[in-house]
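Next comes protein13.pdb, a file with PDB, C-alpha atoms and all ligand atoms.
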ATOM      1  CA  MET A   1    -108.134   9.817  80.562
ATOM      2  CA  MET A   2    -105.042   9.145  78.468
ATOM      3  CA  GLN A   3    -104.740   9.623  74.732
ATOM      4  CA  LEU A   4    -104.241   6.127  73.236
ATOM      5  CA  LEU A   5    -103.453   7.154  69.696
ATOM      6  CA  ASN A   6    -104.596   9.900  67.382
ATOM      7  CA  LYS A   7    -108.168   9.367  66.168
ATOM      8  CA  ALA A   8    -108.877   7.195  69.259
ATOM      9  CA  ASN A   9    -107.689   3.874  67.849
ATOM     10  CA  PHE A  10    -106.078   0.917  69.665
ATOM     11  CA  LEU A  11    -103.857  -0.863  67.158
ATOM     12  CA  ASN A  12    -100.372  -1.588  68.512
ATOM     13  CA  ILE A  13     -99.614  -1.538  72.237
ATOM     14  CA  ASN A  14     -95.981  -0.842  71.489
ATOM     15  CA  ASP A  15     -97.005   2.632  70.254
ATOM     16  CA  LEU A  16     -98.099   3.534  73.816
ATOM     17  CA  ASP A  17     -95.742   5.068  76.339
ATOM     18  CA  ASP A  18     -95.030   3.364  79.678
ATOM     19  CA  ASP A  19     -97.337   5.729  81.556
ATOM     20  CA  SER A  20    -100.307   4.940  79.277
ATOM     21  CA  ILE A  21     -99.707   1.194  79.703
ATOM     22  CA  SER A  22     -99.513   1.570  83.457
ATOM     23  CA  ARG A  23    -102.792   3.508  83.484
ATOM     24  CA  LEU A  24    -104.518   0.880  81.349
ATOM     25  CA  ILE A  25    -103.416  -1.840  83.803
ATOM     26  CA  THR A  26    -104.659   0.242  86.747
ATOM     27  CA  LEU A  27    -108.006   0.806  85.010
ATOM     28  CA  ALA A  28    -108.346  -2.908  84.206
ATOM     29  CA  GLU A  29    -107.637  -3.700  87.872
ATOM     30  CA  ALA A  30    -110.305  -1.197  88.941
ATOM     31  CA  PHE A  31    -112.856  -3.002  86.756
ATOM     32  CA  LYS A  32    -111.707  -6.360  88.130
ATOM     33  CA  ASN A  33    -112.142  -5.158  91.704
ATOM     34  CA  ASP A  34    -115.554  -3.622  90.962
ATOM     35  CA  HIS A  35    -114.275  -0.125  91.800
ATOM     36  CA  LYS A  36    -115.074   1.372  88.454
ATOM     37  CA  GLN A  37    -118.444   2.167  86.880
ATOM     38  CA  VAL A  38    -118.884   4.080  83.650
ATOM     39  CA  HIS A  39    -121.863   6.012  82.326
ATOM     40  CA  LEU A  40    -122.318   6.731  78.639
ATOM     41  CA  LYS A  41    -123.490  10.171  77.487
ATOM     42  CA  ARG A  42    -125.566   8.622  74.702
ATOM     43  CA  PRO A  43    -126.126   5.162  73.164
ATOM     44  CA  VAL A  44    -122.820   3.850  71.771
ATOM     45  CA  TYR A  45    -122.639   1.224  69.014
ATOM     46  CA  ALA A  46    -119.855  -1.276  68.290
ATOM     47  CA  ALA A  47    -119.387  -3.910  65.585
ATOM     48  CA  ASN A  48    -116.997  -6.834  66.010
ATOM     49  CA  LEU A  49    -115.594  -8.220  62.756
ATOM     50  CA  PHE A  50    -113.681 -11.462  63.103
ATOM     51  CA  PHE A  51    -112.319 -12.551  59.725
ATOM     52  CA  GLU A  52    -110.243 -15.223  61.519
ATOM     53  CA  ASN A  53    -111.483 -17.751  64.058
ATOM     54  CA  SER A  54    -111.629 -16.708  67.695
ATOM     55  CA  THR A  55    -113.189 -17.891  70.931
ATOM     56  CA  ARG A  56    -111.521 -15.799  73.653
ATOM     57  CA  THR A  57    -110.898 -12.445  72.019
ATOM     58  CA  HIS A  58    -114.297 -12.298  70.328
ATOM     59  CA  SER A  59    -116.380 -13.367  73.332
ATOM     60  CA  SER A  60    -114.289 -11.331  75.725
ATOM     61  CA  PHE A  61    -114.678  -8.110  73.690
ATOM     62  CA  GLN A  62    -118.428  -8.860  73.549
ATOM     63  CA  MET A  63    -118.531  -9.317  77.312
ATOM     64  CA  ALA A  64    -116.560  -6.095  77.853
ATOM     65  CA  GLU A  65    -118.898  -4.188  75.527
ATOM     66  CA  LYS A  66    -122.007  -5.530  77.264
ATOM     67  CA  LYS A  67    -120.610  -4.715  80.716
ATOM     68  CA  LEU A  68    -119.947  -1.132  79.558
ATOM     69  CA  GLY A  69    -123.467  -0.760  78.154
ATOM     70  CA  ILE A  70    -122.326  -0.585  74.507
ATOM     71  CA  ASP A  71    -124.887  -1.791  71.929
ATOM     72  CA  LEU A  72    -123.591  -4.458  69.541
ATOM     73  CA  ILE A  73    -124.291  -4.487  65.821
ATOM     74  CA  GLU A  74    -123.935  -8.119  64.788
ATOM     75  CA  ILE A  75    -122.006  -8.673  61.591
ATOM     76  CA  ASN A  76    -120.588 -11.960  60.418
ATOM     77  CA  PRO A  77    -117.785 -11.525  57.833
ATOM     78  CA  ALA A  78    -118.627 -14.950  56.390
ATOM     79  CA  THR A  79    -122.103 -13.759  55.346
ATOM     80  CA  SER A  80    -121.233 -10.091  54.764
ATOM     81  CA  SER A  81    -120.672  -8.278  51.461
ATOM     82  CA  VAL A  82    -116.913  -8.825  51.932
ATOM     83  CA  LYS A  83    -117.725 -12.138  50.220
ATOM     84  CA  LYS A  84    -118.925 -10.099  47.210
ATOM     85  CA  GLY A  85    -115.573  -8.344  47.017
ATOM     86  CA  GLU A  86    -116.178  -5.282  49.222
ATOM     87  CA  SER A  87    -112.911  -4.016  50.721
ATOM     88  CA  LEU A  88    -112.237  -3.824  54.451
ATOM     89  CA  GLY A  89    -112.041  -0.017  54.165
ATOM     90  CA  ASP A  90    -115.459   0.202  52.509
ATOM     91  CA  THR A  91    -116.921  -2.192  55.082
ATOM     92  CA  ILE A  92    -115.653   0.075  57.871
ATOM     93  CA  LYS A  93    -116.976   3.214  56.142
ATOM     94  CA  THR A  94    -120.359   1.496  55.765
ATOM     95  CA  LEU A  95    -120.500   0.728  59.475
ATOM     96  CA  GLN A  96    -119.530   4.343  60.216
ATOM     97  CA  ALA A  97    -122.253   5.629  57.874
ATOM     98  CA  ILE A  98    -124.943   3.662  59.690
ATOM     99  CA  GLY A  99    -123.816   5.074  63.045
ATOM    100  CA  VAL A 100    -121.270   2.615  64.487
ATOM    101  CA  ASP A 101    -118.823   4.327  66.885
ATOM    102  CA  MET A 102    -116.175   1.618  67.185
ATOM    103  CA  THR A 103    -115.214  -1.577  65.418
ATOM    104  CA  VAL A 104    -113.097  -4.436  66.731
ATOM    105  CA  ILE A 105    -111.351  -6.295  63.917
ATOM    106  CA  ARG A 106    -109.362  -9.511  63.637
ATOM    107  CA  HIS A 107    -107.894 -10.101  60.209
ATOM    108  CA  ALA A 108    -105.342 -12.500  58.700
ATOM    109  CA  HIS A 109    -103.595  -9.630  56.923
ATOM    110  CA  THR A 110    -100.628  -8.429  59.008
ATOM    111  CA  GLY A 111    -100.966  -4.669  59.475
ATOM    112  CA  TRP A 112    -104.542  -4.507  58.098
ATOM    113  CA  TYR A 113    -104.950  -1.152  59.830
ATOM    114  CA  GLN A 114    -101.889   0.610  58.494
ATOM    115  CA  GLN A 115    -103.523   2.467  55.605
ATOM    116  CA  LEU A 116    -106.938   2.724  57.244
ATOM    117  CA  GLN A 117    -105.660   4.620  60.294
ATOM    118  CA  SER A 118    -104.552   7.513  58.085
ATOM    119  CA  ASP A 119    -107.725   7.541  55.944
ATOM    120  CA  ALA A 120    -109.292  10.949  56.613
ATOM    121  CA  ASN A 121    -112.755   9.506  55.889
ATOM    122  CA  ILE A 122    -112.588   6.989  58.762
ATOM    123  CA  ASN A 123    -113.488   8.518  62.099
ATOM    124  CA  LEU A 124    -114.863   5.578  64.075
ATOM    125  CA  SER A 125    -112.468   3.891  66.516
ATOM    126  CA  LEU A 126    -110.481   0.954  65.153
ATOM    127  CA  VAL A 127    -109.505  -1.749  67.652
ATOM    128  CA  ASN A 128    -107.019  -4.425  66.591
ATOM    129  CA  ALA A 129    -108.106  -7.865  67.822
ATOM    130  CA  GLY A 130    -105.135  -9.500  66.077
ATOM    131  CA  ASP A 131    -103.547  -8.920  62.664
ATOM    132  CA  GLY A 132    -101.926 -11.923  60.992
ATOM    133  CA  SER A 133     -98.482 -12.476  62.511
ATOM    134  CA  GLY A 134     -98.288  -8.811  63.534
ATOM    135  CA  GLN A 135     -99.766  -7.580  66.799
ATOM    136  CA  HIS A 136    -102.338  -8.705  69.374
ATOM    137  CA  PRO A 137    -102.476  -5.645  71.628
ATOM    138  CA  SER A 138    -105.448  -6.596  73.817
ATOM    139  CA  GLN A 139    -103.855 -10.007  74.507
ATOM    140  CA  THR A 140    -100.645  -8.228  75.442
ATOM    141  CA  LEU A 141    -102.485  -5.950  77.860
ATOM    142  CA  LEU A 142    -104.150  -8.913  79.585
ATOM    143  CA  ASP A 143    -100.771 -10.692  79.722
ATOM    144  CA  LEU A 144     -99.175  -7.614  81.307
ATOM    145  CA  MET A 145    -102.061  -7.399  83.780
ATOM    146  CA  THR A 146    -101.652 -11.082  84.712
ATOM    147  CA  ILE A 147     -97.880 -10.709  85.220
ATOM    148  CA  HIS A 148     -98.370  -7.473  87.196
ATOM    149  CA  ASP A 149    -101.024  -9.142  89.410
ATOM    150  CA  GLU A 150     -98.518 -11.844  90.245
ATOM    151  CA  PHE A 151     -95.257  -9.960  90.706
ATOM    152  CA  GLY A 152     -96.326  -6.312  91.241
ATOM    153  CA  GLN A 153     -93.852  -4.998  88.639
ATOM    154  CA  PHE A 154     -91.914  -6.035  85.527
ATOM    155  CA  ASN A 155     -88.321  -4.842  85.908
ATOM    156  CA  GLY A 156     -85.831  -7.703  86.272
ATOM    157  CA  LEU A 157     -88.325 -10.548  85.763
ATOM    158  CA  ASN A 158     -87.158 -13.488  83.634
ATOM    159  CA  ILE A 159     -89.781 -14.493  81.091
ATOM    160  CA  GLY A 160     -89.390 -17.312  78.575
ATOM    161  CA  ILE A 161     -91.571 -17.408  75.443
ATOM    162  CA  ILE A 162     -91.490 -20.873  73.921
ATOM    163  CA  GLY A 163     -92.911 -22.105  70.634
ATOM    164  CA  ASP A 164     -93.812 -20.952  67.165
ATOM    165  CA  LEU A 165     -92.373 -17.460  67.472
ATOM    166  CA  ALA A 166     -92.357 -16.659  63.763
ATOM    167  CA  HIS A 167     -96.110 -16.909  63.325
ATOM    168  CA  SER A 168     -97.248 -15.686  66.725
ATOM    169  CA  ARG A 169     -98.616 -12.150  66.999
ATOM    170  CA  VAL A 170     -98.687 -12.688  70.785
ATOM    171  CA  ALA A 171     -94.929 -13.350  70.846
ATOM    172  CA  ARG A 172     -94.154 -10.254  68.773
ATOM    173  CA  SER A 173     -96.557  -7.996  70.668
ATOM    174  CA  ASP A 174     -95.471  -9.244  74.108
ATOM    175  CA  ALA A 175     -91.716  -9.525  73.555
ATOM    176  CA  GLU A 176     -91.266  -5.910  72.485
ATOM    177  CA  ILE A 177     -93.169  -4.370  75.377
ATOM    178  CA  LEU A 178     -91.777  -6.776  77.997
ATOM    179  CA  HIS A 179     -88.239  -5.903  76.867
ATOM    180  CA  ARG A 180     -89.075  -2.165  77.081
ATOM    181  CA  LEU A 181     -90.467  -2.634  80.612
ATOM    182  CA  GLY A 182     -87.152  -4.134  81.805
ATOM    183  CA  VAL A 183     -87.970  -7.845  81.586
ATOM    184  CA  ASN A 184     -85.182 -10.270  80.629
ATOM    185  CA  VAL A 185     -86.881 -12.038  77.711
ATOM    186  CA  TYR A 186     -85.736 -15.496  76.605
ATOM    187  CA  PHE A 187     -86.982 -17.401  73.590
ATOM    188  CA  SER A 188     -87.055 -21.072  72.708
ATOM    189  CA  GLY A 189     -88.674 -23.342  70.144
ATOM    190  CA  PRO A 190     -87.707 -24.655  66.729
ATOM    191  CA  ARG A 191     -84.819 -22.564  65.342
ATOM    192  CA  GLU A 192     -86.547 -22.315  61.959
ATOM    193  CA  TRP A 193     -89.403 -20.485  63.687
ATOM    194  CA  TYR A 194     -87.139 -17.965  65.404
ATOM    195  CA  PRO A 195     -87.276 -14.587  63.634
ATOM    196  CA  ALA A 196     -83.824 -12.966  63.551
ATOM    197  CA  ASP A 197     -85.256  -9.571  64.547
ATOM    198  CA  PHE A 198     -86.313 -11.031  67.934
ATOM    199  CA  ASP A 199     -82.632 -10.655  68.955
ATOM    200  CA  GLN A 200     -83.457  -6.994  69.710
ATOM    201  CA  PHE A 201     -85.967  -8.071  72.410
ATOM    202  CA  GLY A 202     -84.212 -11.046  74.061
ATOM    203  CA  THR A 203     -82.023 -14.124  73.817
ATOM    204  CA  TYR A 204     -82.630 -17.493  72.177
ATOM    205  CA  CYS A 205     -81.880 -20.393  74.604
ATOM    206  CA  ASP A 206     -82.311 -24.106  75.009
ATOM    207  CA  VAL A 207     -85.613 -24.706  76.805
ATOM    208  CA  ASP A 208     -84.046 -26.906  79.506
ATOM    209  CA  GLU A 209     -81.309 -24.368  80.203
ATOM    210  CA  MET A 210     -83.657 -21.459  80.796
ATOM    211  CA  LEU A 211     -86.496 -23.174  82.701
ATOM    212  CA  PRO A 212     -84.953 -23.112  86.230
ATOM    213  CA  ASN A 213     -84.422 -19.313  86.037
ATOM    214  CA  LEU A 214     -87.808 -18.257  84.695
ATOM    215  CA  ASP A 215     -90.491 -16.368  86.619
ATOM    216  CA  VAL A 216     -92.962 -16.839  83.757
ATOM    217  CA  VAL A 217     -93.046 -19.761  81.343
ATOM    218  CA  MET A 218     -95.127 -18.558  78.397
ATOM    219  CA  LEU A 219     -96.049 -21.252  75.888
ATOM    220  CA  LEU A 220     -97.362 -20.757  72.387
ATOM    221  CA  ARG A 221     -99.478 -22.882  70.098
ATOM    222  CA  VAL A 222     -97.939 -24.052  66.827
ATOM    223  CA  GLN A 223     -99.854 -22.009  64.234
ATOM    224  CA  LEU A 224    -100.478 -24.762  61.693
ATOM    225  CA  GLU A 225    -102.850 -22.463  59.768
ATOM    226  CA  ARG A 226     -99.925 -20.136  58.962
ATOM    227  CA  LEU A 227     -97.446 -22.861  57.908
ATOM    228  CA  ASN A 228     -96.945 -24.033  54.353
ATOM    229  CA  GLN A 229     -98.068 -27.540  53.361
ATOM    230  CA  ASN A 230     -94.565 -29.044  53.629
ATOM    231  CA  ALA A 231     -94.111 -27.694  57.157
ATOM    232  CA  VAL A 232     -97.548 -28.989  58.205
ATOM    233  CA  ALA A 233     -96.796 -32.419  56.702
ATOM    234  CA  SER A 234     -93.450 -32.692  58.524
ATOM    235  CA  PHE A 235     -94.773 -31.438  61.889
ATOM    236  CA  THR A 236     -94.834 -34.234  64.494
ATOM    237  CA  PRO A 237     -96.686 -33.290  67.713
ATOM    238  CA  THR A 238     -94.983 -36.018  69.775
ATOM    239  CA  GLU A 239     -91.505 -34.937  68.721
ATOM    240  CA  TYR A 240     -92.385 -31.275  69.358
ATOM    241  CA  TYR A 241     -93.652 -32.131  72.867
ATOM    242  CA  GLN A 242     -90.504 -34.085  73.688
ATOM    243  CA  THR A 243     -88.190 -31.318  72.483
ATOM    244  CA  TYR A 244     -90.011 -28.128  73.554
ATOM    245  CA  GLY A 245     -93.225 -29.049  75.411
ATOM    246  CA  LEU A 246     -93.756 -28.257  79.095
ATOM    247  CA  SER A 247     -94.009 -31.795  80.465
ATOM    248  CA  GLU A 248     -94.626 -32.592  84.139
ATOM    249  CA  GLU A 249     -90.937 -33.527  84.411
ATOM    250  CA  ARG A 250     -89.863 -30.148  83.006
ATOM    251  CA  SER A 251     -92.358 -28.325  85.244
ATOM    252  CA  ARG A 252     -90.660 -29.801  88.327
ATOM    253  CA  ARG A 253     -87.550 -27.824  87.353
ATOM    254  CA  MET A 254     -89.417 -24.489  87.438
ATOM    255  CA  LYS A 255     -88.913 -22.053  90.338
ATOM    256  CA  SER A 256     -91.442 -22.637  93.133
ATOM    257  CA  ASN A 257     -93.177 -19.284  92.510
ATOM    258  CA  ALA A 258     -92.958 -19.354  88.706
ATOM    259  CA  ILE A 259     -96.189 -19.263  86.726
ATOM    260  CA  ILE A 260     -97.304 -20.826  83.455
ATOM    261  CA  MET A 261     -99.023 -18.679  80.834
ATOM    262  CA  HIS A 262    -100.455 -19.458  77.404
ATOM    263  CA  PRO A 263    -102.652 -17.180  75.251
ATOM    264  CA  ALA A 264    -104.726 -20.243  74.235
ATOM    265  CA  PRO A 265    -106.211 -22.042  72.394
ATOM    266  CA  VAL A 266    -104.076 -24.785  73.928
ATOM    267  CA  ASN A 267    -103.142 -27.972  72.143
ATOM    268  CA  ARG A 268    -102.931 -30.241  75.188
ATOM    269  CA  GLY A 269    -100.067 -32.710  74.954
ATOM    270  CA  VAL A 270     -98.252 -30.693  72.279
ATOM    271  CA  GLU A 271     -96.888 -27.464  73.815
ATOM    272  CA  ILE A 272     -97.976 -28.351  77.369
ATOM    273  CA  ALA A 273     -98.961 -31.480  79.300
ATOM    274  CA  SER A 274    -102.729 -31.639  79.694
ATOM    275  CA  SER A 275    -102.338 -32.020  83.475
ATOM    276  CA  LEU A 276    -100.534 -28.646  83.693
ATOM    277  CA  VAL A 277    -103.229 -26.560  81.983
ATOM    278  CA  GLU A 278    -105.219 -26.291  85.235
ATOM    279  CA  ALA A 279    -102.313 -26.924  87.638
ATOM    280  CA  PRO A 280    -101.815 -24.529  90.600
ATOM    281  CA  GLN A 281     -98.988 -22.689  88.839
ATOM    282  CA  SER A 282    -101.037 -22.172  85.655
ATOM    283  CA  ARG A 283    -102.599 -18.750  85.024
ATOM    284  CA  ILE A 284    -104.136 -19.739  81.681
ATOM    285  CA  PHE A 285    -107.766 -19.297  82.752
ATOM    286  CA  THR A 286    -106.842 -16.256  84.859
ATOM    287  CA  GLN A 287    -105.516 -14.688  81.647
ATOM    288  CA  MET A 288    -108.909 -15.271  80.008
ATOM    289  CA  ARG A 289    -110.746 -13.732  82.970
ATOM    290  CA  ASN A 290    -108.374 -10.738  82.996
ATOM    291  CA  GLY A 291    -109.029 -10.320  79.270
ATOM    292  CA  VAL A 292    -112.526  -8.986  79.919
ATOM    293  CA  PHE A 293    -111.225  -6.292  82.304
ATOM    294  CA  ALA A 294    -108.287  -5.404  80.054
ATOM    295  CA  ARG A 295    -110.707  -4.931  77.143
ATOM    296  CA  MET A 296    -113.064  -2.867  79.311
ATOM    297  CA  ALA A 297    -110.083  -0.609  80.073
ATOM    298  CA  ILE A 298    -109.228  -0.268  76.368
ATOM    299  CA  LEU A 299    -112.810   0.510  75.324
ATOM    300  CA  THR A 300    -113.373   2.914  78.220
ATOM    301  CA  THR A 301    -110.263   4.853  77.270
ATOM    302  CA  LEU A 302    -111.446   5.104  73.671
ATOM    303  CA  LEU A 303    -114.935   6.180  74.820
ATOM    304  CA  SER A 304    -113.351   8.865  76.960
ATOM    305  CA  GLN A 305    -111.224  10.091  74.066
ATOM    306  CA  ARG A 306    -114.326  10.302  71.905
ATOM    307  CA  GLY A 307    -116.096  12.361  74.577
ATOM    308  CA  LEU A 308    -118.738   9.677  75.099
ATOM    309  CA  LEU A 309    -118.269   9.169  78.853
ATOM    310  CA  GLU A 310    -119.833  11.063  81.739
ATOM    311  CA  GLU A 311    -116.563  11.646  83.630
TER
HETATM  312  N1  LIG B 401    -105.775 -15.835  72.666
HETATM  313  C1  LIG B 401    -106.597 -15.652  71.600
HETATM  314  O1  LIG B 401    -106.467 -14.708  70.812
HETATM  315  O2  LIG B 401    -107.586 -16.598  71.505
HETATM  316  P1  LIG B 401    -108.691 -16.621  70.352
HETATM  317  O3  LIG B 401    -107.975 -16.882  69.045
HETATM  318  O4  LIG B 401    -109.637 -17.739  70.725
HETATM  319  O5  LIG B 401    -109.346 -15.283  70.321
END
Show the structure stored in the file as structure tokens.
Amino acid sequence: MMQLLNKANFLNINDLDDDSISRLITLAEAFKNDHKQVHLKRPVYAANLFFENSTRTHSSFQMAEKKLGIDLIEINPATSSVKKGESLGDTIKTLQAIGVDMTVIRHAHTGWYQQLQSDANINLSLVNAGDGSGQHPSQTLLDLMTIHDEFGQFNGLNIGIIGDLAHSRVARSDAEILHRLGVNVYFSGPREWYPADFDQFGTYCDVDEMLPNLDVVMLLRVQLERLNQNAVASFTPTEYYQTYGLSEERSRRMKSNAIIMHPAPVNRGVEIASSLVEAPQSRIFTQMRNGVFARMAILTTLLSQRGLLEE
């Protein structure tokens, strides 16, 4: 099994080399095709801490953990001692003290893990389920798996990421690795939500110009929860849809074998026409299904690194 990171953490997929990413995709595929079974050496305990809302990532990590035979310690941040002022670091050390082996954390603070990963007193595995506008590494792995399933490789593909790029951890996580894997990455969406440093990963284009050349049209939700009050007040869903949304008319200008992706949750009729969410070219629910297998691959690799798997 590969080494993911020192101390068996999974925090930023862009820290992994190409070979490790390829092996994670292969392992996820093996779970998907029922080729892979794992056996734990002893009972393993995980705690999932979601300080921000989640449907997919939370339930899909839970499903992955259950399928791998990992016992879950239920902890709800809203009713935990975090509300009494306990720090994230002390919460993690508490879970470790009671015998938790791994914790999956989503937190609004971008880079919540940066100091914790070098804390010599933290030895349980930290898994990043999304940090603010930073990274969303398990989403990126399931996106890579979905693209690989479809096209068999990455080099030379044209992928457009359209929407609220500034606030999207999916955009940042995906764009960097896709660029490294040889994808031609294009961006579109409101200019004010285009971070200048994305120029290192791809090219900003008009949505209508790039659509006919894309193999993957990846749409993003507008992250209203991360916008200031003025931006929320001036946001007009109808205008956004007309300017950047994937309408049926725009979809007719896509290549015949191009696919539609979206990390979800979807705001139907804002970034995408409702009728396209479950259209034949959409892989949105396939992404969610792949998410369970991608997360099984991540957790299995960490278990292996911790010496908890019968190989
Ligand atoms: N794609 C994603 O992260 O969805 P959730 O916010 O529902 O977990």
Exercise. Could you give me, as a list in words, every polymer residue with an atom at most 6 Å away from an atom of ligand LIG 401 (chain B), counting all atoms listed in the file?
Key: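 Written in the requested form, the residues are Ser54, Thr55, Arg56, Thr57, His58, Pro263, Ala264 and Pro265 of chain A.
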Could you turn the residues from that selection into a file that holds C-alpha atoms, as a CSV table (one decimal), keeping the file's coordinate frame?
chain,number,residue,atom,x,y,z
A,54,SER,CA,-111.6,-16.7,67.7
A,55,THR,CA,-113.2,-17.9,70.9
A,56,ARG,CA,-111.5,-15.8,73.7
A,57,THR,CA,-110.9,-12.4,72.0
A,58,HIS,CA,-114.3,-12.3,70.3
A,263,PRO,CA,-102.7,-17.2,75.3
A,264,ALA,CA,-104.7,-20.2,74.2
A,265,PRO,CA,-106.2,-22.0,72.4
Exercise. Find the residues near range 34-40 of chain A: any atom within 9 Å, counting only C-alpha atoms, skip ones fewer than 5 places away on the same chain, and give them as an MDAnalysis selection string.
Key: chainID A and resid 27 29 68:70 300 303 308:311
With 7 Å as the cut-off and all atoms listed in the file counted, what is the closest atom pair between each nearby residue of range 210-240 of chain A and range 146-165 of chain A? Distances in Å to one decimal, ordered by chain and number, as JSON lines.
{"residue": "A:Asn213", "atom": "CA", "partner": "A:Asn158", "partner_atom": "CA", "distance": 6.9}
{"residue": "A:Leu214", "atom": "CA", "partner": "A:Asn158", "partner_atom": "CA", "distance": 4.9}
{"residue": "A:Asp215", "atom": "CA", "partner": "A:Asn158", "partner_atom": "CA", "distance": 5.3}
{"residue": "A:Val216", "atom": "CA", "partner": "A:Ile159", "partner_atom": "CA", "distance": 4.8}
{"residue": "A:Val217", "atom": "CA", "partner": "A:Gly160", "partner_atom": "CA", "distance": 5.2}
{"residue": "A:Met218", "atom": "CA", "partner": "A:Ile161", "partner_atom": "CA", "distance": 4.8}
{"residue": "A:Leu219", "atom": "CA", "partner": "A:Ile162", "partner_atom": "CA", "distance": 5.0}
{"residue": "A:Leu220", "atom": "CA", "partner": "A:Gly163", "partner_atom": "CA", "distance": 5.0}
{"residue": "A:Arg221", "atom": "CA", "partner": "A:Gly163", "partner_atom": "CA", "distance": 6.6}
{"residue": "A:Val222", "atom": "CA", "partner": "A:Asp164", "partner_atom": "CA", "distance": 5.2}
{"residue": "A:Gln223", "atom": "CA", "partner": "A:Asp164", "partner_atom": "CA", "distance": 6.8}
Mind dumping the selected residues with C-alpha atoms as an mmCIF file, keeping the file's coordinate frame?
data_model
loop_
_atom_site.group_PDB
_atom_site.id
_atom_site.type_symbol
_atom_site.label_atom_id
_atom_site.label_comp_id
_atom_site.auth_asym_id
_atom_site.auth_seq_id
_atom_site.Cartn_x
_atom_site.Cartn_y
_atom_site.Cartn_z
ATOM 1 C CA ASN A 213 -84.422 -19.313 86.037
ATOM 2 C CA LEU A 214 -87.808 -18.257 84.695
ATOM 3 C CA ASP A 215 -90.491 -16.368 86.619
ATOM 4 C CA VAL A 216 -92.962 -16.839 83.757
ATOM 5 C CA VAL A 217 -93.046 -19.761 81.343
ATOM 6 C CA MET A 218 -95.127 -18.558 78.397
ATOM 7 C CA LEU A 219 -96.049 -21.252 75.888
ATOM 8 C CA LEU A 220 -97.362 -20.757 72.387
ATOM 9 C CA ARG A 221 -99.478 -22.882 70.098
ATOM 10 C CA VAL A 222 -97.939 -24.052 66.827
ATOM 11 C CA GLN A 223 -99.854 -22.009 64.234
#
Give me the range 149-253 of chain A side of the contact with range 274-277 of chain A, cut-off 10 Å, one line per residue showing its nearest atom pair and distance in Å at one decimal, counting only C-alpha atoms, sorted by chain and residue number, as a tab-separated table.
residue	atom	partner	partner_atom	distance
A:Leu246	CA	A:Leu276	CA	8.2
A:Ser247	CA	A:Leu276	CA	7.9
A:Glu248	CA	A:Leu276	CA	7.1
A:Ser251	CA	A:Leu276	CA	8.3
Rows by chain and residue number, range 195-238 of chain A within 8 Å of range 175-190 of chain A, shortest pair, all atoms listed in the file, as JSON lines:
{"residue": "A:Phe198", "atom": "CA", "partner": "A:Ala175", "partner_atom": "CA", "distance": 7.9}
{"residue": "A:Phe201", "atom": "CA", "partner": "A:His179", "partner_atom": "CA", "distance": 5.5}
{"residue": "A:Gly202", "atom": "CA", "partner": "A:Val185", "partner_atom": "CA", "distance": 4.6}
{"residue": "A:Thr203", "atom": "CA", "partner": "A:Tyr186", "partner_atom": "CA", "distance": 4.8}
{"residue": "A:Tyr204", "atom": "CA", "partner": "A:Phe187", "partner_atom": "CA", "distance": 4.6}
{"residue": "A:Cys205", "atom": "CA", "partner": "A:Ser188", "partner_atom": "CA", "distance": 5.6}
{"residue": "A:Asp206", "atom": "CA", "partner": "A:Ser188", "partner_atom": "CA", "distance": 6.1}
{"residue": "A:Val207", "atom": "CA", "partner": "A:Ser188", "partner_atom": "CA", "distance": 5.7}
{"residue": "A:Met210", "atom": "CA", "partner": "A:Tyr186", "partner_atom": "CA", "distance": 7.6}
Quiz item: Near range 122-135 of chain A, within 9 Å and counting all atoms listed in the file, which residues show up once chain neighbours fewer than 5 positions away are dropped, as a ChimeraX atom specification?
Solution: /A:7-13,50,52,57-58,61,89,92-93,95-96,100-113,116-117,140,166-174,226,298-299,302-303,306
Practice problem: For the structure provided, state which residues fall under the PyMOL selection byres (((chain A and resi 78) around 10) and not hetatm), and present them as a PyMOL selection string. | Solution: chain A and resi 49-52+75-77+79-83
Exercise. Take CA of Met261 in chain A and CA of Ser138 in chain A and report the distance between them in Å, one decimal.
Key: 15.4 Å
Exercise. Could you check which of A:Ala120, A:Ile73, A:Ile25, A:Ile260 is closest to Phe285 in chain A, using all atoms listed in the file?
Key: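 Of all the options, A:Ile260 lies closest to Phe285 in chain A.
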Quiz item: From the set A:Ser87, A:Gln305, A:Thr243, A:Gln281, which residue has the shortest atom-to-atom contact distance to Ala258 in chain A, counting all atoms listed in the file?
Solution: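 Checking each of A:Ser87, A:Gln305, A:Thr243, A:Gln281 against Ala258 in chain A, counting all atoms listed in the file, the winner is A:Gln281.
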Can you list, as a compact mmCIF listing (two decimals) with C-alpha atoms, keeping the file's coordinate frame, every protein, DNA or RNA residue that comes within 10 Å of Arg295 in chain A when you count only C-alpha atoms, leaving out same-chain residues fewer than 3 positions away?
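Saved as part_16.txt:
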# COMPACT_ATOMS: atom_id res chain seq x y z
CA LEU A 24 -104.52 0.88 81.35
CA ALA A 28 -108.35 -2.91 84.21
CA THR A 57 -110.90 -12.44 72.02
CA SER A 60 -114.29 -11.33 75.72
CA PHE A 61 -114.68 -8.11 73.69
CA GLN A 62 -118.43 -8.86 73.55
CA MET A 63 -118.53 -9.32 77.31
CA ALA A 64 -116.56 -6.10 77.85
CA GLU A 65 -118.90 -4.19 75.53
CA PRO A 137 -102.48 -5.64 71.63
CA SER A 138 -105.45 -6.60 73.82
CA GLN A 139 -103.86 -10.01 74.51
CA LEU A 141 -102.48 -5.95 77.86
CA LEU A 142 -104.15 -8.91 79.58
CA ASN A 290 -108.37 -10.74 83.00
CA GLY A 291 -109.03 -10.32 79.27
CA VAL A 292 -112.53 -8.99 79.92
CA ILE A 298 -109.23 -0.27 76.37
CA LEU A 299 -112.81 0.51 75.32
CA THR A 300 -113.37 2.91 78.22
CA THR A 301 -110.26 4.85 77.27
